[in-house]
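Asker: PDB, C-alpha atoms, file my_file.pdb:
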ATOM      1  CA  LYS R   1       0.000   0.000   0.000
ATOM      2  CA  LYS R   2       2.767   2.426   0.973
ATOM      3  CA  GLY R   3       4.557   1.749  -2.326
ATOM      4  CA  LEU R   4       1.426   2.427  -4.385
ATOM      5  CA  ILE R   5       0.756   5.661  -2.515
ATOM      6  CA  THR R   6       4.304   6.870  -3.210
ATOM      7  CA  ILE R   7       3.696   6.536  -6.962
ATOM      8  CA  GLY R   8       0.522   8.599  -6.788
ATOM      9  CA  ILE R   9      -2.348   6.154  -6.340
ATOM     10  CA  ARG R  10      -5.005   7.471  -3.978
ATOM     11  CA  GLU R  11      -5.198   5.629  -0.672
ATOM     12  CA  ASP R  12      -8.973   5.190  -0.895
ATOM     13  CA  LYS R  13      -8.465   3.207  -4.134
ATOM     14  CA  ILE R  14      -6.219   0.614  -2.474
ATOM     15  CA  LYS R  15      -7.429  -2.492  -0.648
ATOM     16  CA  VAL R  16      -4.864  -4.650   1.131
ATOM     17  CA  VAL R  17      -5.473  -8.393   1.124
ATOM     18  CA  TYR R  18      -3.097 -10.217   3.446
ATOM     19  CA  ASN R  19      -1.573 -13.594   2.672
ATOM     20  CA  GLY R  20      -3.384 -16.508   4.205
ATOM     21  CA  VAL R  21      -2.153 -19.809   5.548
ATOM     22  CA  ASP R  22      -3.830 -23.073   6.371
ATOM     23  CA  ILE R  23      -3.733 -22.664  10.145
ATOM     24  CA  PHE R  24      -4.625 -26.316  10.747
ATOM     25  CA  LYS R  25      -1.668 -27.470   8.622
ATOM     26  CA  PHE R  26       0.764 -25.479  10.777
ATOM     27  CA  ARG R  27      -0.922 -25.940  14.137
ATOM     28  CA  GLU R  28      -1.284 -29.732  13.794
ATOM     29  CA  ALA R  29       2.000 -30.500  11.999
ATOM     30  CA  LYS R  30       4.296 -33.257  13.210
ATOM     31  CA  ILE R  31       7.593 -32.142  14.708
ATOM     32  CA  LYS R  32      10.720 -32.902  12.690
ATOM     33  CA  ASP R  33      13.447 -34.313  14.945
ATOM     34  CA  LEU R  34      16.113 -31.671  14.349
ATOM     35  CA  ARG R  35      17.775 -32.407  17.679
ATOM     36  CA  GLY R  36      18.350 -36.050  16.769
ATOM     37  CA  GLN R  37      19.158 -35.446  13.114
ATOM     38  CA  TYR R  38      21.826 -32.844  13.929
ATOM     39  CA  SER R  39      22.978 -34.196  17.337
ATOM     40  CA  CYS R  40      21.893 -31.101  19.240
ATOM     41  CA  PRO R  41      22.107 -31.131  23.029
ATOM     42  CA  PRO R  42      18.741 -32.129  24.545
ATOM     43  CA  LYS R  43      18.208 -28.705  26.143
ATOM     44  CA  ALA R  44      19.464 -26.675  23.184
ATOM     45  CA  VAL R  45      17.291 -23.774  22.067
ATOM     46  CA  LEU R  46      16.667 -24.116  18.324
ATOM     47  CA  ILE R  47      16.573 -20.797  16.487
ATOM     48  CA  GLY R  48      15.695 -20.691  12.812
ATOM     49  CA  TYR R  49      15.996 -18.565   9.715
ATOM     50  CA  ILE R  50      13.662 -19.621   6.910
ATOM     51  CA  GLY R  51      13.837 -17.965   3.521
ATOM     52  CA  GLN R  52      15.986 -16.959   0.600
ATOM     53  CA  ILE R  53      19.703 -16.953   1.225
ATOM     54  CA  ASN R  54      20.654 -13.396   0.289
ATOM     55  CA  LEU R  55      21.733 -10.124   1.850
ATOM     56  CA  LYS R  56      18.409  -8.312   1.494
ATOM     57  CA  LYS R  57      16.776 -10.994   3.648
ATOM     58  CA  GLY R  58      19.294 -10.293   6.444
ATOM     59  CA  ILE R  59      21.045 -13.660   6.515
ATOM     60  CA  THR R  60      24.343 -12.086   7.623
ATOM     61  CA  ASP R  61      22.574 -10.273  10.482
ATOM     62  CA  PHE R  62      21.193 -13.653  11.616
ATOM     63  CA  ILE R  63      24.697 -15.138  11.608
ATOM     64  CA  GLU R  64      26.226 -12.140  13.410
ATOM     65  CA  ALA R  65      23.443 -12.348  16.027
ATOM     66  CA  ALA R  66      24.234 -16.053  16.489
ATOM     67  CA  GLY R  67      27.802 -15.131  17.417
ATOM     68  CA  HIS R  68      26.630 -12.621  20.035
ATOM     69  CA  ILE R  69      24.057 -14.986  21.517
ATOM     70  CA  LEU R  70      26.480 -17.906  21.769
ATOM     71  CA  GLN R  71      28.807 -15.795  23.923
ATOM     72  CA  LYS R  72      26.022 -15.657  26.528
ATOM     73  CA  ASP R  73      24.335 -19.010  25.916
ATOM     74  CA  PRO R  74      26.406 -21.658  24.128
ATOM     75  CA  ASN R  75      23.448 -24.057  24.327
ATOM     76  CA  CYS R  76      21.710 -22.453  21.313
ATOM     77  CA  ARG R  77      21.735 -23.890  17.803
ATOM     78  CA  PHE R  78      20.958 -21.838  14.701
ATOM     79  CA  PHE R  79      19.327 -23.358  11.635
ATOM     80  CA  ILE R  80      19.177 -21.928   8.128
ATOM     81  CA  PHE R  81      16.399 -23.349   5.964
ATOM     82  CA  GLY R  82      16.318 -21.813   2.543
ATOM     83  CA  LYS R  83      16.720 -21.940  -1.158
ATOM     84  CA  VAL R  84      20.134 -21.174  -2.521
ATOM     85  CA  PRO R  85      20.616 -18.927  -5.542
ATOM     86  CA  LEU R  86      20.085 -20.563  -8.940
ATOM     87  CA  GLY R  87      22.847 -23.020  -9.770
ATOM     88  CA  GLY R  88      24.064 -23.300  -6.182
ATOM     89  CA  ASN R  89      24.039 -26.482  -4.149
ATOM     90  CA  GLY R  90      25.123 -25.108  -0.787
ATOM     91  CA  LEU R  91      25.481 -21.878   1.100
ATOM     92  CA  PRO R  92      26.852 -19.001  -0.974
ATOM     93  CA  LYS R  93      30.585 -18.626  -0.375
ATOM     94  CA  ASP R  94      30.290 -15.263   1.400
ATOM     95  CA  VAL R  95      27.758 -16.673   3.879
ATOM     96  CA  ALA R  96      29.797 -19.841   4.491
ATOM     97  CA  ASP R  97      32.942 -17.719   4.903
ATOM     98  CA  LEU R  98      31.196 -15.553   7.535
ATOM     99  CA  ILE R  99      30.141 -18.629   9.513
ATOM    100  CA  ASN R 100      33.712 -19.954   9.408
ATOM    101  CA  ALA R 101      35.288 -16.567  10.201
ATOM    102  CA  ARG R 102      33.127 -16.312  13.347
ATOM    103  CA  HIS R 103      33.924 -19.965  14.274
ATOM    104  CA  LEU R 104      30.230 -20.861  14.219
ATOM    105  CA  GLU R 105      30.406 -23.988  12.058
ATOM    106  CA  ASN R 106      29.400 -26.202  15.021
ATOM    107  CA  TYR R 107      26.462 -23.968  15.936
ATOM    108  CA  VAL R 108      24.987 -22.739  12.631
ATOM    109  CA  ILE R 109      23.483 -25.525  10.541
ATOM    110  CA  PHE R 110      22.474 -25.125   6.899
ATOM    111  CA  SER R 111      19.714 -27.573   6.072
ATOM    112  CA  GLY R 112      18.712 -26.477   2.590
ATOM    113  CA  TRP R 113      15.044 -26.279   1.700
ATOM    114  CA  GLU R 114      12.406 -28.441   3.335
ATOM    115  CA  GLU R 115       9.233 -29.229   1.381
ATOM    116  CA  GLU R 116       7.208 -29.942   4.532
ATOM    117  CA  ILE R 117       8.216 -26.660   6.144
ATOM    118  CA  GLU R 118       5.424 -26.892   8.724
ATOM    119  CA  THR R 119       7.370 -29.715  10.434
ATOM    120  CA  ILE R 120      10.351 -27.386  10.760
ATOM    121  CA  TYR R 121       8.385 -24.570  12.382
ATOM    122  CA  LYS R 122       7.070 -27.016  14.980
ATOM    123  CA  ALA R 123      10.645 -28.131  15.777
ATOM    124  CA  LEU R 124      12.001 -24.601  16.274
ATOM    125  CA  ASP R 125      11.816 -22.609  19.496
ATOM    126  CA  ILE R 126      12.275 -19.196  17.855
ATOM    127  CA  VAL R 127      12.019 -17.932  14.264
ATOM    128  CA  VAL R 128      14.016 -14.899  13.112
ATOM    129  CA  VAL R 129      13.028 -12.748  10.114
ATOM    130  CA  PRO R 130      15.862 -10.179   9.822
ATOM    131  CA  SER R 131      14.841  -8.588   6.488
ATOM    132  CA  ARG R 132      16.734  -5.507   5.352
ATOM    133  CA  HIS R 133      14.280  -4.542   2.611
ATOM    134  CA  GLU R 134      10.587  -3.681   2.416
ATOM    135  CA  ASP R 135       9.355  -7.267   2.436
ATOM    136  CA  PRO R 136       5.600  -6.779   1.745
ATOM    137  CA  ALA R 137       4.125  -9.517   3.976
ATOM    138  CA  PRO R 138       6.584 -12.254   4.902
ATOM    139  CA  ASN R 139       4.873 -15.647   4.944
ATOM    140  CA  VAL R 140       7.499 -16.716   7.476
ATOM    141  CA  ASP R 141       5.961 -14.327  10.048
ATOM    142  CA  ILE R 142       2.486 -15.728   9.453
ATOM    143  CA  GLU R 143       3.529 -19.390   9.327
ATOM    144  CA  ALA R 144       5.622 -19.162  12.506
ATOM    145  CA  MET R 145       2.769 -17.539  14.409
ATOM    146  CA  ALA R 146       0.320 -20.138  13.052
ATOM    147  CA  SER R 147       2.722 -22.780  14.424
ATOM    148  CA  GLY R 148       2.819 -21.120  17.837
ATOM    149  CA  VAL R 149       6.488 -20.144  17.518
ATOM    150  CA  PRO R 150       7.643 -16.673  18.652
ATOM    151  CA  VAL R 151       9.038 -14.404  15.930
ATOM    152  CA  VAL R 152      11.769 -11.773  16.059
ATOM    153  CA  ALA R 153      11.528  -9.652  12.904
ATOM    154  CA  THR R 154      12.738  -6.325  11.617
ATOM    155  CA  GLN R 155      10.518  -3.260  11.405
ATOM    156  CA  VAL R 156      10.321  -3.253   7.620
ATOM    157  CA  GLY R 157       7.649  -3.888   5.047
ATOM    158  CA  GLY R 158       4.602  -5.740   6.291
ATOM    159  CA  SER R 159       6.098  -7.215   9.472
ATOM    160  CA  PRO R 160       4.868  -4.328  11.666
ATOM    161  CA  GLU R 161       1.356  -4.963  10.336
ATOM    162  CA  LEU R 162       1.581  -8.693  11.079
ATOM    163  CA  ILE R 163       3.428  -8.699  14.423
ATOM    164  CA  GLU R 164       2.339  -6.745  17.471
ATOM    165  CA  ASP R 165       5.644  -5.850  19.152
ATOM    166  CA  GLN R 166       6.087  -7.537  22.548
ATOM    167  CA  VAL R 167       2.699  -9.275  22.203
ATOM    168  CA  THR R 168       2.916 -11.690  19.258
ATOM    169  CA  GLY R 169       6.654 -11.287  18.757
ATOM    170  CA  PHE R 170       9.399  -8.697  18.725
ATOM    171  CA  LEU R 171      10.167  -6.021  16.144
ATOM    172  CA  VAL R 172      13.662  -4.541  15.885
ATOM    173  CA  PRO R 173      15.266  -1.972  13.571
ATOM    174  CA  LYS R 174      16.791  -3.468  10.422
ATOM    175  CA  GLN R 175      20.543  -4.157  10.464
ATOM    176  CA  ASN R 176      20.654  -3.691  14.248
ATOM    177  CA  VAL R 177      22.414  -6.913  15.252
ATOM    178  CA  LYS R 178      22.670  -5.897  18.917
ATOM    179  CA  GLU R 179      18.930  -5.398  19.347
ATOM    180  CA  LEU R 180      18.193  -8.495  17.256
ATOM    181  CA  SER R 181      20.481 -10.491  19.563
ATOM    182  CA  ASP R 182      18.975  -8.942  22.708
ATOM    183  CA  ARG R 183      15.402  -9.868  21.705
ATOM    184  CA  ILE R 184      16.377 -13.420  20.770
ATOM    185  CA  LEU R 185      18.225 -13.782  24.099
ATOM    186  CA  GLN R 186      15.166 -12.458  25.918
ATOM    187  CA  LEU R 187      13.162 -15.336  24.435
ATOM    188  CA  VAL R 188      15.946 -17.856  25.069
ATOM    189  CA  GLN R 189      16.025 -16.893  28.745
TER
END
Write the structure described by the file as structure tokens, please.
Answerer:
Amino acid sequence: KKGLITIGIREDKIKVVYNGVDIFKFREAKIKDLRGQYSCPPKAVLIGYIGQINLKKGITDFIEAAGHILQKDPNCRFFIFGKVPLGGNGLPKDVADLINARHLENYVIFSGWEEEIETIYKALDIVVVPSRHEDPAPNVDIEAMASGVPVVATQVGGSPELIEDQVTGFLVPKQNVKELSDRILQLVQ
């Protein structure tokens, strides 16, 4: 809506229709055994990023936040579920290099894309949506909430319309790794 208004379309001519999800599918999904599959400690807090693997989606902010959080709680594990750029079969080199440079390879797990994504949401304790761009209405926000999983997202695009800050999740400024880390830690604790 904001984008259409900026190009001159009258507000009274615009109707916003939000994305929908099959709530039953997410609420009643089976839980994928991530702890067993990836040998996570039994009491580990599982924190997930679900989406495209690129800078505008904030993947590097997620990884940087993981480093900060692990300094205070080494029991956390960070999962990346996403599609890689066309032609790729693993994490892009810059993302993999960042994980290695921060010595996070034992704590940040790239799992690729999962077709039955609802089973992943049910396995996670926290979902992070660190977008850096005006993401119109991230399905990840909606799907995580439908699964009963708390969301930490950035204050961009449609997230502020979908998440009520400190009620249904947390909203933080984009590219603010410290606040992103603080909100995730608040949920971890």
Asker: Report the residues retrieved by the PyMOL selection byres ((chain R and resi 121-128) around 9) from the displayed file, expressed as an mmCIF file with C-alpha atoms, keeping the file's coordinate frame.
Answerer:
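What follows is the written file out10.cif:
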data_model
loop_
_atom_site.group_PDB
_atom_site.id
_atom_site.type_symbol
_atom_site.label_atom_id
_atom_site.label_comp_id
_atom_site.auth_asym_id
_atom_site.auth_seq_id
_atom_site.Cartn_x
_atom_site.Cartn_y
_atom_site.Cartn_z
ATOM 1 C CA PHE R 26 0.764 -25.479 10.777
ATOM 2 C CA ARG R 27 -0.922 -25.940 14.137
ATOM 3 C CA GLU R 28 -1.284 -29.732 13.794
ATOM 4 C CA ALA R 29 2.000 -30.500 11.999
ATOM 5 C CA LYS R 30 4.296 -33.257 13.210
ATOM 6 C CA ILE R 31 7.593 -32.142 14.708
ATOM 7 C CA LYS R 32 10.720 -32.902 12.690
ATOM 8 C CA ASP R 33 13.447 -34.313 14.945
ATOM 9 C CA LEU R 34 16.113 -31.671 14.349
ATOM 10 C CA ARG R 35 17.775 -32.407 17.679
ATOM 11 C CA VAL R 45 17.291 -23.774 22.067
ATOM 12 C CA LEU R 46 16.667 -24.116 18.324
ATOM 13 C CA ILE R 47 16.573 -20.797 16.487
ATOM 14 C CA GLY R 48 15.695 -20.691 12.812
ATOM 15 C CA TYR R 49 15.996 -18.565 9.715
ATOM 16 C CA ILE R 50 13.662 -19.621 6.910
ATOM 17 C CA PHE R 62 21.193 -13.653 11.616
ATOM 18 C CA PHE R 79 19.327 -23.358 11.635
ATOM 19 C CA ILE R 117 8.216 -26.660 6.144
ATOM 20 C CA GLU R 118 5.424 -26.892 8.724
ATOM 21 C CA THR R 119 7.370 -29.715 10.434
ATOM 22 C CA ILE R 120 10.351 -27.386 10.760
ATOM 23 C CA VAL R 129 13.028 -12.748 10.114
ATOM 24 C CA PRO R 130 15.862 -10.179 9.822
ATOM 25 C CA VAL R 140 7.499 -16.716 7.476
ATOM 26 C CA ASP R 141 5.961 -14.327 10.048
ATOM 27 C CA GLU R 143 3.529 -19.390 9.327
ATOM 28 C CA ALA R 144 5.622 -19.162 12.506
ATOM 29 C CA SER R 147 2.722 -22.780 14.424
ATOM 30 C CA GLY R 148 2.819 -21.120 17.837
ATOM 31 C CA VAL R 149 6.488 -20.144 17.518
ATOM 32 C CA PRO R 150 7.643 -16.673 18.652
ATOM 33 C CA VAL R 151 9.038 -14.404 15.930
ATOM 34 C CA VAL R 152 11.769 -11.773 16.059
ATOM 35 C CA ALA R 153 11.528 -9.652 12.904
ATOM 36 C CA THR R 154 12.738 -6.325 11.617
ATOM 37 C CA LEU R 180 18.193 -8.495 17.256
ATOM 38 C CA ILE R 184 16.377 -13.420 20.770
ATOM 39 C CA LEU R 187 13.162 -15.336 24.435
ATOM 40 C CA VAL R 188 15.946 -17.856 25.069
#
Asker: Using all atoms listed in the file, find the one residue out of R:Lys56, R:His103, R:Lys15, R:Lys43 that sits nearest to Cys76 (chain R).
Answerer: R:Lys43
Asker: Gly82 (chain R): which residues within 10 Å, counting only C-alpha atoms, same-chain residues fewer than 5 positions away excluded, as a PDB file with C-alpha atoms, in the coordinates of the input?
Answerer:
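Once everything was written out, this is selection_14.pdb:
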ATOM      1  CA  TYR R  49      15.996 -18.565   9.715  1.00  0.00           C
ATOM      2  CA  ILE R  50      13.662 -19.621   6.910  1.00  0.00           C
ATOM      3  CA  GLY R  51      13.837 -17.965   3.521  1.00  0.00           C
ATOM      4  CA  GLN R  52      15.986 -16.959   0.600  1.00  0.00           C
ATOM      5  CA  ILE R  53      19.703 -16.953   1.225  1.00  0.00           C
ATOM      6  CA  ASN R  54      20.654 -13.396   0.289  1.00  0.00           C
ATOM      7  CA  GLY R  90      25.123 -25.108  -0.787  1.00  0.00           C
ATOM      8  CA  LEU R  91      25.481 -21.878   1.100  1.00  0.00           C
ATOM      9  CA  PHE R 110      22.474 -25.125   6.899  1.00  0.00           C
ATOM     10  CA  SER R 111      19.714 -27.573   6.072  1.00  0.00           C
ATOM     11  CA  GLY R 112      18.712 -26.477   2.590  1.00  0.00           C
ATOM     12  CA  TRP R 113      15.044 -26.279   1.700  1.00  0.00           C
ATOM     13  CA  GLU R 114      12.406 -28.441   3.335  1.00  0.00           C
TER      14      GLU R 114
END
Asker: What is the distance, in Å and to one decimal place, between CA of Asp94 (chain R) and CA of Glu64 (chain R)?
Answerer: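 These two atoms are separated by 13.1 Å.
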Asker: Grab the CA of Val21 (chain R) to CA of Met145 (chain R) distance for me, in Å with one decimal place.
Answerer: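 Between CA of Val21 (chain R) and CA of Met145 (chain R) the gap works out to 10.4 Å.
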Asker: Using the chain letters and numbering of this document, enumerate as a ChimeraX atom specification the residues selected by the PyMOL selection byres ((chain R and resi 73) around 12).
Answerer: /R:43-46,65-72,74-77,107,181-182,184-189
Asker: Restricting the calculation to only C-alpha atoms, which member of R:Gly158, R:Phe78, R:Lys1, R:Lys25 is positioned closest to Lys13 (chain R)?
Answerer: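 Looking at the shortest contact to Lys13 (chain R), the residue is R:Lys1.
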Asker: Rounded to one decimal place, report the CA of Ser159 (chain R)-CA of Ile80 (chain R) distance in Å.
Answerer: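 Between CA of Ser159 (chain R) and CA of Ile80 (chain R) the gap is 19.7 Å.
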